[in-house]
Each structure stands twice: as C-alpha cells, then as structure tokens.
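The block underneath contains the structure these notes are about, expressed in structure tokens.
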Amino acid sequence: MTTALELEWGVPDVGSFLDSRRGRSLVNYGATVNHGALRGLEIVPEEERADLAADFAAAGAEDEPLDSMRDAAQRTYYSELPPERFPAMLEHLQGGLEQGGLGIGMATQYYPGASRRELFEVFRFAGEKRATIHTHVRSMSIDAMQEVLANAVGTGAPLHIVHVNSMALGEIDTVLDMIDGAARLGLDVTTEAYPYTAGSTSLESSIFDEGWQDRLQIDYDDLQWEETGERLTKETFERYRRDGGTVILHFMKEEWIETALANDWVIVASDGMPYAPGAHPRTAGTYSRILGRYVRERGTLDLMTALLKMSLLPADRVATMSEQMRRKGRIQVGADADIVVFDPETVIDTATFEGGLSFSEGIVHTMVNGVFVVRDGETVEGVSPGRPIVGRFAR
C-alpha cells in the first residue's frame with residue numbers, strides 16, 4: 001500500500017489527526033469525519049461537551065486513534081439524538097470537512113441509537129455538499145442496504161458501502177444486484193470487499209447485543225478471542241464481553257468472497273485494524289492475498305482487473321472528494337510516483353489469525369511520492385514521504 005485512509009469510521013477531529021502525522025508517515029494518509037462520535041457532542045450534557053471534544057482531539061493525535069475515540073463516544077451510542085440538535089450536529093460535520101475530511105464516516109451498526117430520521121438528515125447534508133458517505137450499514141441485512149440506497153436516492157448523496165462481503169453474507173448476490181442496479185440508473189454508489197472468510201470487531205460492541213446468534217447465524221464457538229486464540233463458550237463470551245476486547249468472527253463462506261471479487265466494479269479494500277495488530281491478517285495481507293490466491297492460484301480474476309480494483313477504482317472513488325487522488329492509482333506523466341513493484345509468480349500474504357501480522361512475500365520495491373520505503377524487499381529506514389490527503393472543503 002502507498003495510501004492508507006480511514007474512511008469507514010473516520011475521526012472526530014480531522015485536524016489533529018492530520019497534523020500529528022505530518023513528516024512522520026511512510027504512506028499517504030487521510031480520514032473522513034466521524035458521524036458516530038460527533039453526534040455524541042450533542043447528546044452529552046452541555047457542560048461536558050468541551051471535555052468530550054478535547055478527548056476527540058487527543059485521540060486524533062494518537063498513532064491509532066480509533067480505540068480512544070470509540071471509548072470516549074461509547075456512552076452515547078445507544079442514545080437517540082433529538083431532532084432539535086440535528087443542526088448543531090451537522091455544524092460539527094461541516095467543521096470536520098473544513099479541516100480536510102474526505103467525506104463522512106458512518107458506522108451505524110455500532111451506534112444503534114441513531115434514528116432513521118437522523119441518518120436521512122446526514123444524507124441530505126451530504127447530498128447538498130456532494131460529500132461522500134462511507135457507511136457500515138445498520139445491520140447485516142438487505143433492509144439495511146435498502147435504507148442507505150433509499151437515502152442516497154432521496155438526497156443525491158454519494159455513497160460507498162464498506163465491506164459488502166461481511167455485511168450482505170448469504171444475500172450477497174441480491175445486494176450486489178441492488179448496488180449495480182442503482183449505479184446503472186445513475187446513482188453515485190460503490191462498494192468493496194476484503195478476501196477473508198472471517199471478520200473482526202469489538203466484543204463489547206452492539207453487534208453482539210441480544211439476538212446476535214440469529215442475526216449472524218453463528219454461535220459461541222464461531223468466535224475466536226484475539227488475545228489467546230481460543231474459541232469462545234457462553235461463559236467466556238459473557239466474561240470477555242464485560243471486560244471488552246477484540247474478537248474474530250468466523251462467519252463467511254468462500255463462495256461469498258469469490259462472488260464479490262468476480263464483479264469488475266467491486267473495489268478491494270482491507271478493512272484494516274492497525275489498532276489491534278493480532279485481530280485480523282487483512283491489516284497486512286489483503287492485497288498480496290488477492291494477487292497470490294485469487295489471481296495466480298484460483299483464477300477468480302485476472303491480474304489487470306485485480307490491479308484496477310486495488311489502485312484506479314479506489315483512487316477514483318476518493319477523487320470525488322480530493323483532487324489529489326486524481327494523480328494516484330495510475331502510472332502516467334504527471335501522476336504521483338506511488339508505485340509498488342511485485343513478482344506475480346511469488347507474491348502472497350503470510351499473515352495469519354494464529355501468527356499475527358507479517359510482511360508479504362514477493363513485494364520487491366515500494367515508492368511513495370518518489371521515495372523508496374521498501375527497496376529490494378527491505379524496509380528503508382529514516383524516510384517519511386507520506387503526505388496528507390485532504391478533501392475539497394479544506395480551508
């Protein structure tokens with residue numbers, strides 16, 4: 001990778017996030033504005049808002065801000081935002097866009113207190129601005145997909161649905177048909193998938209509220225505790241959920257992954273979790289796994305289509321928000337020198353659920369903005385060529 005963007009959740013204080021990384025990043029970086037956290041500023045009592053905003057700024061300045069940000073906002077996730085506070089919440093989103101946000105991050109499943117009316121108002125705001133919404137939809141179901149597609153139709157908001165493989169599950173064919181149909185009718189809607197049959201998230205999150213087995217069609221032994229690698233039981237599930245931590249969900253089928261990847265327009269994205277290094281190999285292995293497993297070994301897609309999905313398509317998706325991305329994802333005169341040189345005969349991921357993150361094989365060179373960060377298979381020390389990617393509303 002030469003550019004790593006936090007788009008699904010985003011960050012509540014984009015300015016501190018960008019400022020803290022200047023001159024110290026190997027790769028290009030950027031983020032959306034986090035709706036889930038900023039709505040919380042209008043839910044907590046007025047006397048607490050300044051402290052919560054300070055927590056958000058401090059989280060943005062950390063190397064891995066998501067955990068701290070979610071801890072700060074967690075207490076508001078089950079609360080409904082009163083309609084009279086919608087304008088103030090939208091002002092917070094506007095402020096984040098002006099700090100350089102690449103759109104709006106909306107991970108709705110994690111804050112079930114958000115009403116359908118609230119989400120529609122955020123979509124209306126995004127439609128007026130032509131600001132992309134990157135959403136983890138309300139639930140792993142068709143009706144959640146229909147909600148965001150209907151909101152996009154009703155407001156004109158550009159829409160990106162994250163990791164369709166883990167959100168659609170067994171309804172992947174129907175969901176892809178819905179998204180494709182909307183795009184063919186002129187809606188600005190895209191989606192992505194990652195190449196693993198397991199997902200990962202926080203066990204204390206709302207995903208595991210009462211009824212999770214029926215919703216996800218899995219049980220305790222399909223959950224793996226990241227810290228120890230053990231499969232859970234009812235007893236350990238309840239204990240670990242009280243304490244909080246990262247869990248791996250073995251709940252997808254290989255054919256669902258292949259169905260998503262076989263569509264030429266489905267982007268490949270990692271859904272990486274750098275704040276929880278042992279949580280999922282996708283943080284390190286996604287793109288090499290596509291090239292090694294799904295191109296070379298399985299023939300699910302050809303090499304040039306795979307490269308399209310990992311370079312030009314994601315760059316063009318973000319280019320609607322940032323002119324900088326029009327110089328990325330392509331090799332041509334005038335483009336940024338963000339280049340990965342790999343061996344198609346040997347490239348493969350090596351990261352695993354059991355062994356954690358590790359470098360992929362077959363990556364020969366990586367260049368970011370014309371500077372080598374990997375040369376002859378080795379990380380180059382003492383360089384930080386990564387630059388901030390900022391949205392078109394940045395002041």
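In the structure tokens, the first chain shown is A, the next is B, and so on; residue numbers restart at 1 for each chain, and ligands run from 1 in the order shown.
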
Any idea what's packed within 10 Å of region 48-61 of chain A, counting only C-alpha atoms, ignoring anything in its chain fewer than 6 positions away? Could you give it as number ranges by chain?
A: 10-21, 37-38, 40-42, 67-73

Give me the residues within 9 Å of Met273 (chain A) as a list in words, counting only C-alpha atoms and dropping any in the same chain fewer than 5 places off.
Ser200, Thr201, Gly278, Ala279, His280, Pro281, Arg282 and Thr283 of chain A

Same residues, C-alpha atoms, saved as an mmCIF file, in the first residue's frame:
data_model
loop_
_atom_site.group_PDB
_atom_site.id
_atom_site.type_symbol
_atom_site.label_atom_id
_atom_site.label_comp_id
_atom_site.auth_asym_id
_atom_site.auth_seq_id
_atom_site.Cartn_x
_atom_site.Cartn_y
_atom_site.Cartn_z
ATOM 1 C CA SER A 200 -13.142 -8.936 13.454
ATOM 2 C CA THR A 201 -14.541 -6.327 15.815
ATOM 3 C CA GLY A 278 -3.459 -9.557 16.177
ATOM 4 C CA ALA A 279 -7.092 -9.076 15.299
ATOM 5 C CA HIS A 280 -7.019 -9.853 11.605
ATOM 6 C CA PRO A 281 -4.406 -10.658 8.936
ATOM 7 C CA ARG A 282 -6.207 -8.369 6.484
ATOM 8 C CA THR A 283 -4.342 -5.434 8.045
#

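Put simply, CA of Glu121 (chain A) is 18.4 Å away from CA of Tyr78 (chain A).
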
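Shortest separation to Val318 (chain A) among A:Leu7, A:Asp338, A:Gln224, A:His163 occurs at residue A:Leu7, atoms counted being only C-alpha atoms.
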
Just the number, please: distance in Å from CA of Arg138 (chain A) to CA of Met167 (chain A), one decimal.
9.2 Å

For Lys234 (chain A), please output as number ranges by chain all residues within 12 Å (counting only C-alpha atoms; exclusion window: fewer than 4 positions along the same chain).
A: 213, 219-223, 238-241

Can you write out the residues you just picked, keeping N, CA and C atoms, as a PDB file, in the first residue's frame?
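This is the output file result26.pdb:
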ATOM      1  N   GLN A 213     -26.822 -14.346  17.740  1.00  0.00           N
ATOM      2  CA  GLN A 213     -26.680 -15.651  17.081  1.00  0.00           C
ATOM      3  C   GLN A 213     -27.632 -15.773  15.898  1.00  0.00           C
ATOM      4  N   ASP A 219     -22.650 -19.185  16.328  1.00  0.00           N
ATOM      5  CA  ASP A 219     -22.775 -19.429  17.763  1.00  0.00           C
ATOM      6  C   ASP A 219     -21.446 -19.131  18.444  1.00  0.00           C
ATOM      7  N   TYR A 220     -21.368 -19.416  19.746  1.00  0.00           N
ATOM      8  CA  TYR A 220     -20.189 -19.059  20.534  1.00  0.00           C
ATOM      9  C   TYR A 220     -18.896 -19.611  19.942  1.00  0.00           C
ATOM     10  N   ASP A 221     -18.907 -20.866  19.473  1.00  0.00           N
ATOM     11  CA  ASP A 221     -17.664 -21.472  19.003  1.00  0.00           C
ATOM     12  C   ASP A 221     -17.216 -20.965  17.640  1.00  0.00           C
ATOM     13  N   ASP A 222     -18.017 -20.091  17.025  1.00  0.00           N
ATOM     14  CA  ASP A 222     -17.582 -19.422  15.796  1.00  0.00           C
ATOM     15  C   ASP A 222     -16.815 -18.135  16.103  1.00  0.00           C
ATOM     16  N   LEU A 223     -16.714 -17.797  17.383  1.00  0.00           N
ATOM     17  CA  LEU A 223     -15.993 -16.608  17.817  1.00  0.00           C
ATOM     18  C   LEU A 223     -14.653 -17.016  18.407  1.00  0.00           C
ATOM     19  N   GLU A 238     -19.492 -14.188  27.921  1.00  0.00           N
ATOM     20  CA  GLU A 238     -20.047 -13.223  28.870  1.00  0.00           C
ATOM     21  C   GLU A 238     -18.950 -12.526  29.665  1.00  0.00           C
ATOM     22  N   ARG A 239     -17.912 -13.271  30.035  1.00  0.00           N
ATOM     23  CA  ARG A 239     -16.828 -12.674  30.812  1.00  0.00           C
ATOM     24  C   ARG A 239     -16.035 -11.678  29.971  1.00  0.00           C
ATOM     25  N   TYR A 240     -15.654 -12.084  28.763  1.00  0.00           N
ATOM     26  CA  TYR A 240     -14.857 -11.202  27.916  1.00  0.00           C
ATOM     27  C   TYR A 240     -15.668  -9.995  27.449  1.00  0.00           C
ATOM     28  N   ARG A 241     -16.951 -10.179  27.255  1.00  0.00           N
ATOM     29  CA  ARG A 241     -17.782  -9.046  26.820  1.00  0.00           C
ATOM     30  C   ARG A 241     -17.848  -7.981  27.909  1.00  0.00           C
TER      31      ARG A 241
END

Could you name the residues that touch Val162 (chain A) at 7 Å or less, counting only C-alpha atoms, but leaving out those on the same chain fewer than 5 positions away, as a count of residues only?
6

Please provide the set of residues having any atom within 12 Å of Leu216 (chain A), restricted to only C-alpha atoms, with same-chain residues fewer than 2 positions apart removed, written as an MDAnalysis selection string.
chainID A and resid 139:141 166:170 199 207:214 218:220 222:223 249:252

Determine which residues of region 241-380 of chain A receive a DSSP assignment of strand (DSSP E), computed from the backbone, and state them as a PyMOL selection string.
chain A and resi 246-250+267-268+339-342+363-368+371-375+378-379

Go through A:Ala31, A:Ile161, A:Ala198, A:Val374 one by one, measure the shortest atom-to-atom distance of each to Lys253 (chain A) using only C-alpha atoms, and give the residue with the smallest value.
A:Ala198

Just how far from CA of Val153 (chain A) is CA of Asn263 (chain A), in Å to one decimal?
22.7 Å

Spatial neighbours of Gln146 (chain A), 9 Å, only C-alpha atoms, chain gap at least 5 places, as an MDAnalysis selection string
chainID A and resid 141 151 175 178

When you look at Val373 (chain A) with a cut-off of 12 Å (counting only C-alpha atoms), what residues show up, excluding the ones that are within fewer than 4 positions of it in the same chain? I need them as a PyMOL selection string.
chain A and resi 1-2+25-28+337-341+363-369+377-386

Next, dump the selected residues to file, keeping only C-alpha atoms, as a tab-separated table (two decimals), in the first residue's frame.
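File selection_32.tsv, as written:
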chain	number	residue	atom	x	y	z
A	1	MET	CA	0.00	0.00	0.00
A	2	THR	CA	1.08	3.56	-0.65
A	25	SER	CA	4.33	8.72	7.93
A	26	LEU	CA	5.66	6.12	5.48
A	27	VAL	CA	2.46	6.25	3.42
A	28	ASN	CA	-0.13	8.85	2.46
A	337	ALA	CA	5.14	8.29	-8.02
A	338	ASP	CA	3.29	5.94	-5.67
A	339	ILE	CA	4.47	2.63	-7.08
A	340	VAL	CA	4.59	-0.99	-5.89
A	341	VAL	CA	6.84	-3.44	-7.76
A	363	ILE	CA	6.98	-7.30	-2.77
A	364	VAL	CA	10.24	-6.07	-4.30
A	365	HIS	CA	10.01	-2.26	-4.12
A	366	THR	CA	7.54	0.30	-2.82
A	367	MET	CA	7.80	4.01	-3.60
A	368	VAL	CA	5.69	6.77	-2.02
A	369	ASN	CA	5.80	10.21	-3.65
A	377	GLY	CA	12.36	-6.40	-0.21
A	378	GLU	CA	13.65	-4.47	2.81
A	379	THR	CA	12.10	-1.52	4.63
A	380	VAL	CA	14.06	1.69	4.09
A	381	GLU	CA	14.91	3.38	7.38
A	382	GLY	CA	14.75	7.10	8.10
A	383	VAL	CA	12.22	8.16	5.45
A	384	SER	CA	8.71	9.59	5.90
A	385	PRO	CA	7.42	10.60	2.46
A	386	GLY	CA	3.71	10.16	3.22

Helix (DSSP H, G or I) positions in region 61-303 of chain A, given as a ChimeraX atom specification
/A:65-76,83-98,108-110,116-129,142-155,164-184,206-208,212-216,220-222,234-243,254-261,282-297,303

Nearest to Ile267 (chain A), restricted to only C-alpha atoms and choosing among A:Asp177, A:Asp349, A:Glu47, A:Asp316, comes out as A:Asp316
